[in-house]
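Undergrad: File my_file38.txt follows (compact mmCIF, C-alpha atoms):
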```
# COMPACT_ATOMS: atom_id res chain seq x y z
CA MET P 20 42.32 -21.21 34.81
CA ASP P 21 39.40 -19.88 32.74
CA LYS P 22 38.64 -16.19 33.01
CA THR P 23 35.48 -15.26 34.93
CA ASP P 24 33.03 -13.48 32.66
CA CYS P 25 32.55 -9.83 33.58
CA ILE P 26 29.06 -8.33 33.30
CA LEU P 27 28.49 -4.57 33.29
CA ILE P 28 25.13 -3.46 34.72
CA VAL P 29 24.08 0.01 33.50
CA ASP P 30 20.99 1.22 35.39
CA ASP P 31 20.17 4.41 37.27
CA ASP P 32 18.23 2.49 39.94
CA LEU P 33 20.60 1.86 42.87
CA GLU P 34 18.52 -1.01 44.24
CA ILE P 35 18.53 -2.83 40.89
CA ARG P 36 22.29 -2.32 40.53
CA ARG P 37 22.96 -3.76 43.98
CA LEU P 38 20.55 -6.67 43.45
CA LEU P 39 22.04 -7.69 40.11
CA VAL P 40 25.67 -7.27 41.14
CA ASP P 41 25.05 -9.46 44.18
CA TYR P 42 23.02 -12.05 42.29
CA LEU P 43 25.44 -12.38 39.38
CA SER P 44 28.43 -12.51 41.74
CA ARG P 45 26.81 -15.40 43.61
CA ASN P 46 26.28 -17.21 40.31
CA GLY P 47 29.83 -17.26 39.02
CA PHE P 48 30.21 -13.89 37.32
CA GLU P 49 32.21 -10.79 38.04
CA ALA P 50 29.72 -7.91 38.08
CA ILE P 51 30.35 -4.17 37.78
CA ALA P 52 27.72 -1.43 37.98
CA ALA P 53 27.34 1.96 36.30
CA ARG P 54 24.52 4.43 36.82
CA ASP P 55 24.65 6.25 33.47
CA GLY P 56 26.33 6.45 30.09
CA ARG P 57 29.36 8.34 31.35
CA GLU P 58 30.13 5.67 33.92
CA MET P 59 29.49 2.96 31.31
CA TRP P 60 32.21 4.32 29.02
CA GLN P 61 34.59 4.65 31.99
CA ALA P 62 33.96 1.02 32.98
CA LEU P 63 34.58 -0.15 29.41
CA GLU P 64 37.96 1.59 29.44
CA ARG P 65 38.99 0.11 32.80
CA HIS P 66 37.64 -3.44 32.60
CA ALA P 67 37.46 -6.31 30.12
CA ILE P 68 33.68 -6.48 29.85
CA ASP P 69 32.07 -9.58 28.32
CA LEU P 70 28.43 -8.42 28.25
CA ILE P 71 26.43 -5.28 29.08
CA VAL P 72 23.01 -5.28 30.73
CA LEU P 73 21.78 -1.88 29.58
CA ASP P 74 18.68 -0.06 30.82
CA LEU P 75 16.65 1.74 28.17
CA MET P 76 15.89 4.79 30.33
CA LEU P 77 18.93 6.57 31.76
CA PRO P 78 19.39 10.11 33.12
CA ASP P 79 22.02 11.35 30.67
CA THR P 80 21.85 9.34 27.44
CA ASP P 81 19.19 6.75 26.68
CA GLY P 82 20.16 3.10 26.29
CA LEU P 83 19.27 3.01 22.59
CA THR P 84 21.73 5.78 21.78
CA LEU P 85 24.42 4.14 23.92
CA CYS P 86 23.87 0.83 22.14
CA ARG P 87 24.10 2.50 18.74
CA ASP P 88 27.28 4.36 19.73
CA LEU P 89 28.76 1.14 21.11
CA ARG P 90 28.20 -0.63 17.79
CA ALA P 91 30.02 2.16 15.97
CA LYS P 92 32.98 2.28 18.38
CA PRO P 93 36.19 0.65 17.07
CA GLY P 94 36.97 -2.57 18.90
CA LYS P 95 33.50 -2.81 20.48
CA PRO P 96 31.02 -3.69 17.67
CA ASN P 97 30.57 -7.30 18.81
CA LEU P 98 30.20 -6.72 22.57
CA PRO P 99 26.89 -8.38 23.55
CA VAL P 100 24.12 -6.15 24.90
CA LEU P 101 21.02 -7.23 26.82
CA MET P 102 18.54 -4.35 26.84
CA LEU P 103 16.26 -3.74 29.82
CA THR P 104 13.02 -1.84 29.30
CA ALA P 105 10.26 -0.90 31.73
CA ARG P 106 7.77 -1.05 28.90
CA GLY P 107 6.58 -4.15 27.12
CA GLU P 108 5.69 -2.35 23.91
CA GLU P 109 6.76 -4.25 20.80
CA THR P 110 8.04 -1.00 19.31
CA ASP P 111 10.61 -0.65 22.11
CA ARG P 112 11.88 -4.16 21.50
CA ILE P 113 12.09 -3.62 17.74
CA ILE P 114 14.02 -0.36 18.15
CA GLY P 115 16.38 -2.09 20.59
CA ILE P 116 17.16 -4.79 18.03
CA GLU P 117 17.55 -2.12 15.34
CA MET P 118 20.17 -0.36 17.46
CA GLY P 119 22.11 -3.62 17.82
CA ALA P 120 20.91 -5.18 21.08
CA ASP P 121 21.33 -8.96 21.20
CA ASP P 122 18.28 -9.54 23.39
CA TYR P 123 15.79 -7.66 25.55
CA LEU P 124 14.05 -8.21 28.89
CA VAL P 125 11.03 -6.32 30.24
CA LYS P 126 10.98 -4.98 33.80
CA PRO P 127 10.03 -6.23 36.30
CA PHE P 128 11.86 -9.50 35.70
CA ASN P 129 13.01 -12.52 37.65
CA PRO P 130 16.81 -12.47 38.22
CA ARG P 131 16.86 -16.15 37.25
CA GLU P 132 15.51 -15.27 33.81
CA LEU P 133 18.15 -12.55 33.43
CA LEU P 134 20.84 -15.07 34.37
CA ALA P 135 19.52 -17.55 31.80
CA ARG P 136 19.44 -14.86 29.10
CA ILE P 137 23.01 -13.80 29.89
CA LYS P 138 24.30 -17.38 29.68
CA SER P 139 22.45 -17.94 26.41
CA ILE P 140 23.83 -14.75 24.83
CA LEU P 141 27.39 -15.59 25.87
CA ARG P 142 27.07 -19.12 24.46
CA ARG P 143 25.79 -18.04 21.09
CA THR P 144 28.20 -15.10 20.68
CA ARG P 145 31.19 -17.38 21.22
CA ALA P 146 30.24 -20.07 18.77
CA LEU P 147 28.55 -20.50 15.48
CA PRO P 148 24.87 -21.40 15.68
CA PRO P 149 24.62 -25.11 16.57
CA ASN P 150 22.92 -25.91 13.25
CA LEU P 151 25.92 -24.76 11.23
CA ALA P 152 28.93 -26.90 10.49
CA PRO P 153 32.25 -25.16 11.23
CA ASP P 154 33.81 -23.73 8.09
CA SER P 155 37.58 -23.67 7.70
CA ALA P 156 37.45 -21.04 4.97
CA ARG P 157 38.21 -17.56 6.23
CA TYR P 158 36.62 -15.64 3.37
CA LEU P 159 33.12 -16.07 1.95
CA THR P 160 32.48 -14.17 -1.29
CA PHE P 161 29.10 -13.52 -2.91
CA ALA P 162 27.76 -11.06 -5.50
CA GLY P 163 30.96 -9.00 -5.26
CA TRP P 164 30.90 -8.91 -1.45
CA THR P 165 33.38 -10.58 0.92
CA LEU P 166 32.86 -11.65 4.53
CA ASP P 167 36.02 -12.07 6.60
CA THR P 168 34.91 -14.67 9.16
CA ALA P 169 37.92 -14.07 11.41
CA GLU P 170 37.57 -10.29 11.68
CA ARG P 171 33.79 -10.21 11.08
CA LEU P 172 34.30 -7.59 8.42
CA LEU P 173 31.97 -7.21 5.46
CA THR P 174 33.70 -5.70 2.41
CA ALA P 175 31.64 -4.17 -0.40
CA PRO P 176 32.44 -4.46 -4.11
CA ASP P 177 33.94 -0.95 -3.91
CA ALA P 178 36.35 -2.19 -1.17
CA VAL P 179 34.65 -0.35 1.71
CA ALA P 180 34.85 -2.57 4.82
CA THR P 181 32.30 -2.50 7.63
CA PRO P 182 32.46 -4.37 10.98
CA LEU P 183 29.30 -6.33 11.79
CA SER P 184 27.52 -6.61 15.11
CA GLY P 185 27.13 -10.08 16.60
CA GLY P 186 23.54 -10.42 15.39
CA GLU P 187 24.35 -9.17 11.89
CA TYR P 188 27.28 -11.56 11.59
CA ARG P 189 25.31 -14.61 12.75
CA LEU P 190 22.41 -13.86 10.39
CA LEU P 191 24.72 -13.37 7.42
CA ARG P 192 26.67 -16.55 8.23
CA ILE P 193 23.45 -18.55 8.34
CA LEU P 194 22.31 -17.16 5.00
CA LEU P 195 25.73 -17.74 3.42
CA ASP P 196 25.76 -21.32 4.64
CA HIS P 197 22.32 -21.85 3.08
CA PRO P 198 22.47 -19.87 -0.18
CA ASN P 199 19.45 -19.96 -2.50
CA ARG P 200 17.43 -21.75 0.15
CA VAL P 201 14.34 -20.25 1.78
CA LEU P 202 14.65 -20.07 5.58
CA THR P 203 11.54 -19.35 7.64
CA ARG P 204 11.43 -16.75 10.40
CA ASP P 205 11.13 -19.51 13.00
CA GLN P 206 14.18 -21.30 11.61
CA LEU P 207 16.24 -18.11 11.63
CA THR P 208 15.10 -17.24 15.16
CA GLU P 209 16.07 -20.67 16.45
CA MET P 210 19.47 -20.63 14.71
CA ILE P 211 20.33 -17.09 15.82
CA HIS P 212 18.73 -16.80 19.25
CA GLY P 213 18.32 -20.44 20.30
CA ARG P 214 14.68 -19.91 21.20
CA GLU P 215 11.25 -20.29 19.66
CA ALA P 216 9.71 -17.21 18.09
CA GLU P 217 7.28 -15.37 20.32
CA PRO P 218 3.88 -14.32 18.89
CA PHE P 219 4.33 -11.26 16.67
CA ASP P 220 8.09 -11.36 17.27
CA ARG P 221 9.57 -9.11 14.56
CA ALA P 222 13.20 -9.31 15.68
CA ILE P 223 14.21 -11.33 12.61
CA ASP P 224 12.50 -8.87 10.25
CA VAL P 225 14.40 -6.03 11.89
CA GLN P 226 17.72 -7.85 11.65
CA VAL P 227 17.07 -8.64 7.99
CA SER P 228 16.33 -4.96 7.40
CA ARG P 229 19.62 -3.97 9.08
CA LEU P 230 21.56 -6.51 7.02
CA ARG P 231 19.96 -5.23 3.81
CA GLN P 232 21.24 -1.77 4.70
CA ARG P 233 24.73 -3.19 5.14
CA LEU P 234 24.43 -4.92 1.76
CA ARG P 235 22.99 -1.78 0.10
CA ASP P 236 19.99 -3.85 -0.94
CA ASP P 237 16.84 -1.87 -1.75
CA SER P 238 14.27 -2.91 0.86
CA ARG P 239 11.40 -2.21 -1.55
CA GLU P 240 12.83 -4.39 -4.31
CA PRO P 241 15.69 -6.43 -2.81
CA LYS P 242 17.80 -8.33 -5.28
CA LEU P 243 20.18 -10.07 -2.90
CA LEU P 244 18.35 -10.76 0.37
CA LYS P 245 14.85 -11.50 -0.85
CA THR P 246 11.56 -11.97 0.97
CA VAL P 247 9.51 -15.01 0.00
CA ARG P 248 5.99 -14.00 0.94
CA GLY P 249 4.40 -16.32 3.47
CA GLU P 250 7.61 -18.35 3.88
CA GLY P 251 10.71 -16.40 4.90
CA TYR P 252 13.94 -15.10 3.41
CA VAL P 253 16.50 -16.31 0.88
CA LEU P 254 20.00 -15.14 -0.06
CA ALA P 255 19.90 -15.16 -3.87
CA ALA P 256 23.59 -15.55 -4.66
CA ALA P 257 26.27 -18.14 -5.22
CA VAL P 258 28.81 -18.37 -2.40
CA GLU P 259 32.52 -19.10 -2.84
CA ARG P 260 34.76 -20.12 0.04
CA ARG P 261 38.46 -19.34 0.03
CA GLU P 262 41.42 -19.10 2.39
CA ARG P 263 42.86 -15.84 1.01
```
Could you take the file, read its structure, and then write that structure out as structure tokens?

TA:
Amino acid sequence: MDKTDCILIVDDDLEIRRLLVDYLSRNGFEAIAARDGREMWQALERHAIDLIVLDLMLPDTDGLTLCRDLRAKPGKPNLPVLMLTARGEETDRIIGIEMGADDYLVKPFNPRELLARIKSILRRTRALPPNLAPDSARYLTFAGWTLDTAERLLTAPDAVATPLSGGEYRLLRILLDHPNRVLTRDQLTEMIHGREAEPFDRAIDVQVSRLRQRLRDDSREPKLLKTVRGEGYVLAAAVERRER
């Protein structure tokens, strides 16, 4: 029998916690609630969590800090996070993506939309983007870097290895599967998030910026992950696939 996906709701509003736990439970999920960061970490130790719905504003530690700390925690860098924010400011959404959130939803929201977002995130984090053909090679090497596709580890030319978040891994895989080819923001958004880009949606730009930091690529004059003005982005490197 397949395991029921377990969703952790982290929100200091008791009514929202009860509503979402009940709604998700009635729609085929196991749902657990936490009211702050301390309870979130306790729940992660006690349960096999598949996705976190994380409120931006919490009484002890804000959701952005928790998301950042989660990405840095051994064994947890790829755990999907859906960020909730009471504000619709674009800056909040950009910062959420910068900290490693997989998606965001502005309060107040319809529980049906939250359910749809959760299902979409779980689908795309468990499979390669639908546009990409499966690759049997475990290691992808480029410009002295190596991506371990099994462990999702990016190893630098100086042998320093870094685990990638789900969004970072998917973006890099897309670029490595289309080397030296310009991909537009809309194409990248569709391949990574499975949705059309919203007006002024800068999530892709933020993710590219994060990936450049991982690749130690100067954002002012990038040599590896380049911006093609008015078109999109291109990975300027040859890619070799190998089993070992």

Undergrad: Just give me the gap between atom CA of P:Arg36 and atom CA of P:Ala52 in Å, one decimal is fine.

TA: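 Spanning atom CA of P:Arg36 to atom CA of P:Ala52 is a straight-line distance of 6.1 Å.
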
Undergrad: Using all atoms listed in the file, pick whichever of P:Leu43, P:Leu202, P:Leu254, P:Ala50 has the shortest atom-to-atom distance to P:Leu133.

TA: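 Among P:Leu43, P:Leu202, P:Leu254, P:Ala50, it is P:Leu43 that comes nearest to P:Leu133.
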
Undergrad: One decimal, in Å: what's the spacing between atom CA of P:Phe161 and atom CA of P:Met210?

TA: 21.3 Å

Undergrad: So which residues touch P:Ile68 within 9 Å, counting all atoms listed in the file, skipping near sequence neighbours fewer than 5 positions away, as a PyMOL selection string?

TA: chain P and resi 24-27+51+62-63+98

Undergrad: Please produce a file of those selected residues containing C-alpha atoms, as a compact mmCIF listing (two decimals), in the coordinates of the input.

TA:
```txt
# COMPACT_ATOMS: atom_id res chain seq x y z
CA ASP P 24 33.03 -13.48 32.66
CA CYS P 25 32.55 -9.83 33.58
CA ILE P 26 29.06 -8.33 33.30
CA LEU P 27 28.49 -4.57 33.29
CA ILE P 51 30.35 -4.17 37.78
CA ALA P 62 33.96 1.02 32.98
CA LEU P 63 34.58 -0.15 29.41
CA LEU P 98 30.20 -6.72 22.57
```

Undergrad: Choose the residue, out of P:Leu39, P:Val125, P:Ile140, P:Val201, that has the smallest atom-to-atom separation from P:Asp69; count all atoms listed in the file.

TA: P:Ile140

Undergrad: Looking at all atoms listed in the file, which of P:Ile28, P:Leu230, P:Leu38, P:Ala156 is the one that sits closest to P:Leu101?

TA: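 Counting all atoms listed in the file, the residue closest to P:Leu101 is P:Ile28.
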
Undergrad: Please report the interatomic distance between atom CA of P:Thr246 and atom CA of P:Thr203 in Å with one decimal.

TA: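 Separation between atom CA of P:Thr246 and atom CA of P:Thr203: 9.9 Å.
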
Undergrad: Extract, using all atoms listed in the file, all DNA, RNA and protein residues at most 8 Å from P:Ala175, discarding same-chain residues fewer than 2 positions from it, and format them as a PyMOL selection string.

TA: chain P and resi 163-165+173+177-180+234

Undergrad: So, counting only C-alpha atoms, which residue among P:Glu187, P:Leu70, P:Ile35, P:Asp79 is closest to P:Asp55?

TA: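 Using only C-alpha atoms, the shortest distance to P:Asp55 belongs to P:Asp79.
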
Undergrad: For a quick check of understanding, using all atoms listed in the file, which of P:Val29, P:Glu34, P:Trp60, P:Arg200 has the smallest distance to P:Val100?

TA: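 The shortest atom-to-atom distance to P:Val100 comes from P:Val29.
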
Undergrad: Compare P:Ala222, P:Val72, P:Ala105, P:Leu195 by their minimum atom-to-atom distance to P:Val253, counting all atoms listed in the file, and give me the closest one.

TA: P:Leu195

Undergrad: Env of P:Arg260: 7 Å cut, atoms = only C-alpha atoms, seq-sep filter 2 positions within chain, self excluded. Answer as a PyMOL selection string.

TA: chain P and resi 156+158-160+258

Undergrad: Could you rebuild stretch 225-244 of chain P with N, CA, C and O atoms and give me the result as a PDB file, keeping the file's coordinate frame?

TA:
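Result file is rebuild_11.pdb:
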```
ATOM      1  N   VAL P 225      13.566  -7.197  11.636  1.00  0.00           N
ATOM      2  CA  VAL P 225      14.400  -6.030  11.890  1.00  0.00           C
ATOM      3  C   VAL P 225      15.856  -6.315  11.540  1.00  0.00           C
ATOM      4  O   VAL P 225      16.545  -5.498  10.925  1.00  0.00           O
ATOM      5  N   GLN P 226      16.334  -7.497  11.944  1.00  0.00           N
ATOM      6  CA  GLN P 226      17.720  -7.850  11.650  1.00  0.00           C
ATOM      7  C   GLN P 226      17.953  -7.997  10.147  1.00  0.00           C
ATOM      8  O   GLN P 226      19.009  -7.620   9.635  1.00  0.00           O
ATOM      9  N   VAL P 227      16.968  -8.541   9.445  1.00  0.00           N
ATOM     10  CA  VAL P 227      17.070  -8.640   7.990  1.00  0.00           C
ATOM     11  C   VAL P 227      17.146  -7.243   7.382  1.00  0.00           C
ATOM     12  O   VAL P 227      17.942  -6.981   6.468  1.00  0.00           O
ATOM     13  N   SER P 228      16.316  -6.342   7.894  1.00  0.00           N
ATOM     14  CA  SER P 228      16.330  -4.960   7.400  1.00  0.00           C
ATOM     15  C   SER P 228      17.700  -4.315   7.609  1.00  0.00           C
ATOM     16  O   SER P 228      18.234  -3.626   6.719  1.00  0.00           O
ATOM     17  N   ARG P 229      18.294  -4.521   8.798  1.00  0.00           N
ATOM     18  CA  ARG P 229      19.620  -3.970   9.080  1.00  0.00           C
ATOM     19  C   ARG P 229      20.667  -4.559   8.141  1.00  0.00           C
ATOM     20  O   ARG P 229      21.548  -3.852   7.630  1.00  0.00           O
ATOM     21  N   LEU P 230      20.578  -5.865   7.889  1.00  0.00           N
ATOM     22  CA  LEU P 230      21.560  -6.510   7.020  1.00  0.00           C
ATOM     23  C   LEU P 230      21.402  -6.029   5.584  1.00  0.00           C
ATOM     24  O   LEU P 230      22.395  -5.855   4.866  1.00  0.00           O
ATOM     25  N   ARG P 231      20.174  -5.786   5.161  1.00  0.00           N
ATOM     26  CA  ARG P 231      19.960  -5.230   3.810  1.00  0.00           C
ATOM     27  C   ARG P 231      20.639  -3.869   3.685  1.00  0.00           C
ATOM     28  O   ARG P 231      21.208  -3.546   2.640  1.00  0.00           O
ATOM     29  N   GLN P 232      20.568  -3.066   4.735  1.00  0.00           N
ATOM     30  CA  GLN P 232      21.240  -1.770   4.700  1.00  0.00           C
ATOM     31  C   GLN P 232      22.737  -1.946   4.546  1.00  0.00           C
ATOM     32  O   GLN P 232      23.394  -1.217   3.786  1.00  0.00           O
ATOM     33  N   ARG P 233      23.289  -2.921   5.264  1.00  0.00           N
ATOM     34  CA  ARG P 233      24.730  -3.190   5.140  1.00  0.00           C
ATOM     35  C   ARG P 233      25.084  -3.611   3.716  1.00  0.00           C
ATOM     36  O   ARG P 233      26.149  -3.259   3.196  1.00  0.00           O
ATOM     37  N   LEU P 234      24.180  -4.393   3.091  1.00  0.00           N
ATOM     38  CA  LEU P 234      24.430  -4.920   1.760  1.00  0.00           C
ATOM     39  C   LEU P 234      23.963  -3.976   0.650  1.00  0.00           C
ATOM     40  O   LEU P 234      24.039  -4.340  -0.531  1.00  0.00           O
ATOM     41  N   ARG P 235      23.471  -2.783   1.053  1.00  0.00           N
ATOM     42  CA  ARG P 235      22.990  -1.780   0.100  1.00  0.00           C
ATOM     43  C   ARG P 235      21.900  -2.350  -0.802  1.00  0.00           C
ATOM     44  O   ARG P 235      21.842  -2.071  -2.008  1.00  0.00           O
ATOM     45  N   ASP P 236      21.071  -3.178  -0.220  1.00  0.00           N
ATOM     46  CA  ASP P 236      19.990  -3.850  -0.940  1.00  0.00           C
ATOM     47  C   ASP P 236      18.700  -3.057  -0.748  1.00  0.00           C
ATOM     48  O   ASP P 236      18.283  -2.825   0.388  1.00  0.00           O
ATOM     49  N   ASP P 237      18.067  -2.653  -1.823  1.00  0.00           N
ATOM     50  CA  ASP P 237      16.840  -1.870  -1.750  1.00  0.00           C
ATOM     51  C   ASP P 237      15.751  -2.673  -1.045  1.00  0.00           C
ATOM     52  O   ASP P 237      15.348  -3.737  -1.526  1.00  0.00           O
ATOM     53  N   SER P 238      15.271  -2.172   0.092  1.00  0.00           N
ATOM     54  CA  SER P 238      14.270  -2.910   0.860  1.00  0.00           C
ATOM     55  C   SER P 238      12.946  -3.054   0.121  1.00  0.00           C
ATOM     56  O   SER P 238      12.193  -3.993   0.369  1.00  0.00           O
ATOM     57  N   ARG P 239      12.651  -2.130  -0.800  1.00  0.00           N
ATOM     58  CA  ARG P 239      11.400  -2.210  -1.550  1.00  0.00           C
ATOM     59  C   ARG P 239      11.468  -3.257  -2.655  1.00  0.00           C
ATOM     60  O   ARG P 239      10.483  -3.947  -2.927  1.00  0.00           O
ATOM     61  N   GLU P 240      12.633  -3.388  -3.274  1.00  0.00           N
ATOM     62  CA  GLU P 240      12.830  -4.390  -4.310  1.00  0.00           C
ATOM     63  C   GLU P 240      14.198  -5.051  -4.135  1.00  0.00           C
ATOM     64  O   GLU P 240      15.109  -4.854  -4.946  1.00  0.00           O
ATOM     65  N   PRO P 241      14.370  -5.818  -3.069  1.00  0.00           N
ATOM     66  CA  PRO P 241      15.690  -6.430  -2.810  1.00  0.00           C
ATOM     67  C   PRO P 241      16.058  -7.430  -3.890  1.00  0.00           C
ATOM     68  O   PRO P 241      15.220  -8.222  -4.337  1.00  0.00           O
ATOM     69  N   LYS P 242      17.299  -7.392  -4.275  1.00  0.00           N
ATOM     70  CA  LYS P 242      17.800  -8.330  -5.280  1.00  0.00           C
ATOM     71  C   LYS P 242      18.713  -9.388  -4.692  1.00  0.00           C
ATOM     72  O   LYS P 242      18.947 -10.420  -5.314  1.00  0.00           O
ATOM     73  N   LEU P 243      19.233  -9.137  -3.510  1.00  0.00           N
ATOM     74  CA  LEU P 243      20.180 -10.070  -2.900  1.00  0.00           C
ATOM     75  C   LEU P 243      19.544 -10.842  -1.753  1.00  0.00           C
ATOM     76  O   LEU P 243      19.560 -12.072  -1.748  1.00  0.00           O
ATOM     77  N   LEU P 244      19.007 -10.128  -0.771  1.00  0.00           N
ATOM     78  CA  LEU P 244      18.350 -10.760   0.370  1.00  0.00           C
ATOM     79  C   LEU P 244      16.849 -10.601   0.178  1.00  0.00           C
ATOM     80  O   LEU P 244      16.260  -9.595   0.557  1.00  0.00           O
TER      81      LEU P 244
END
```
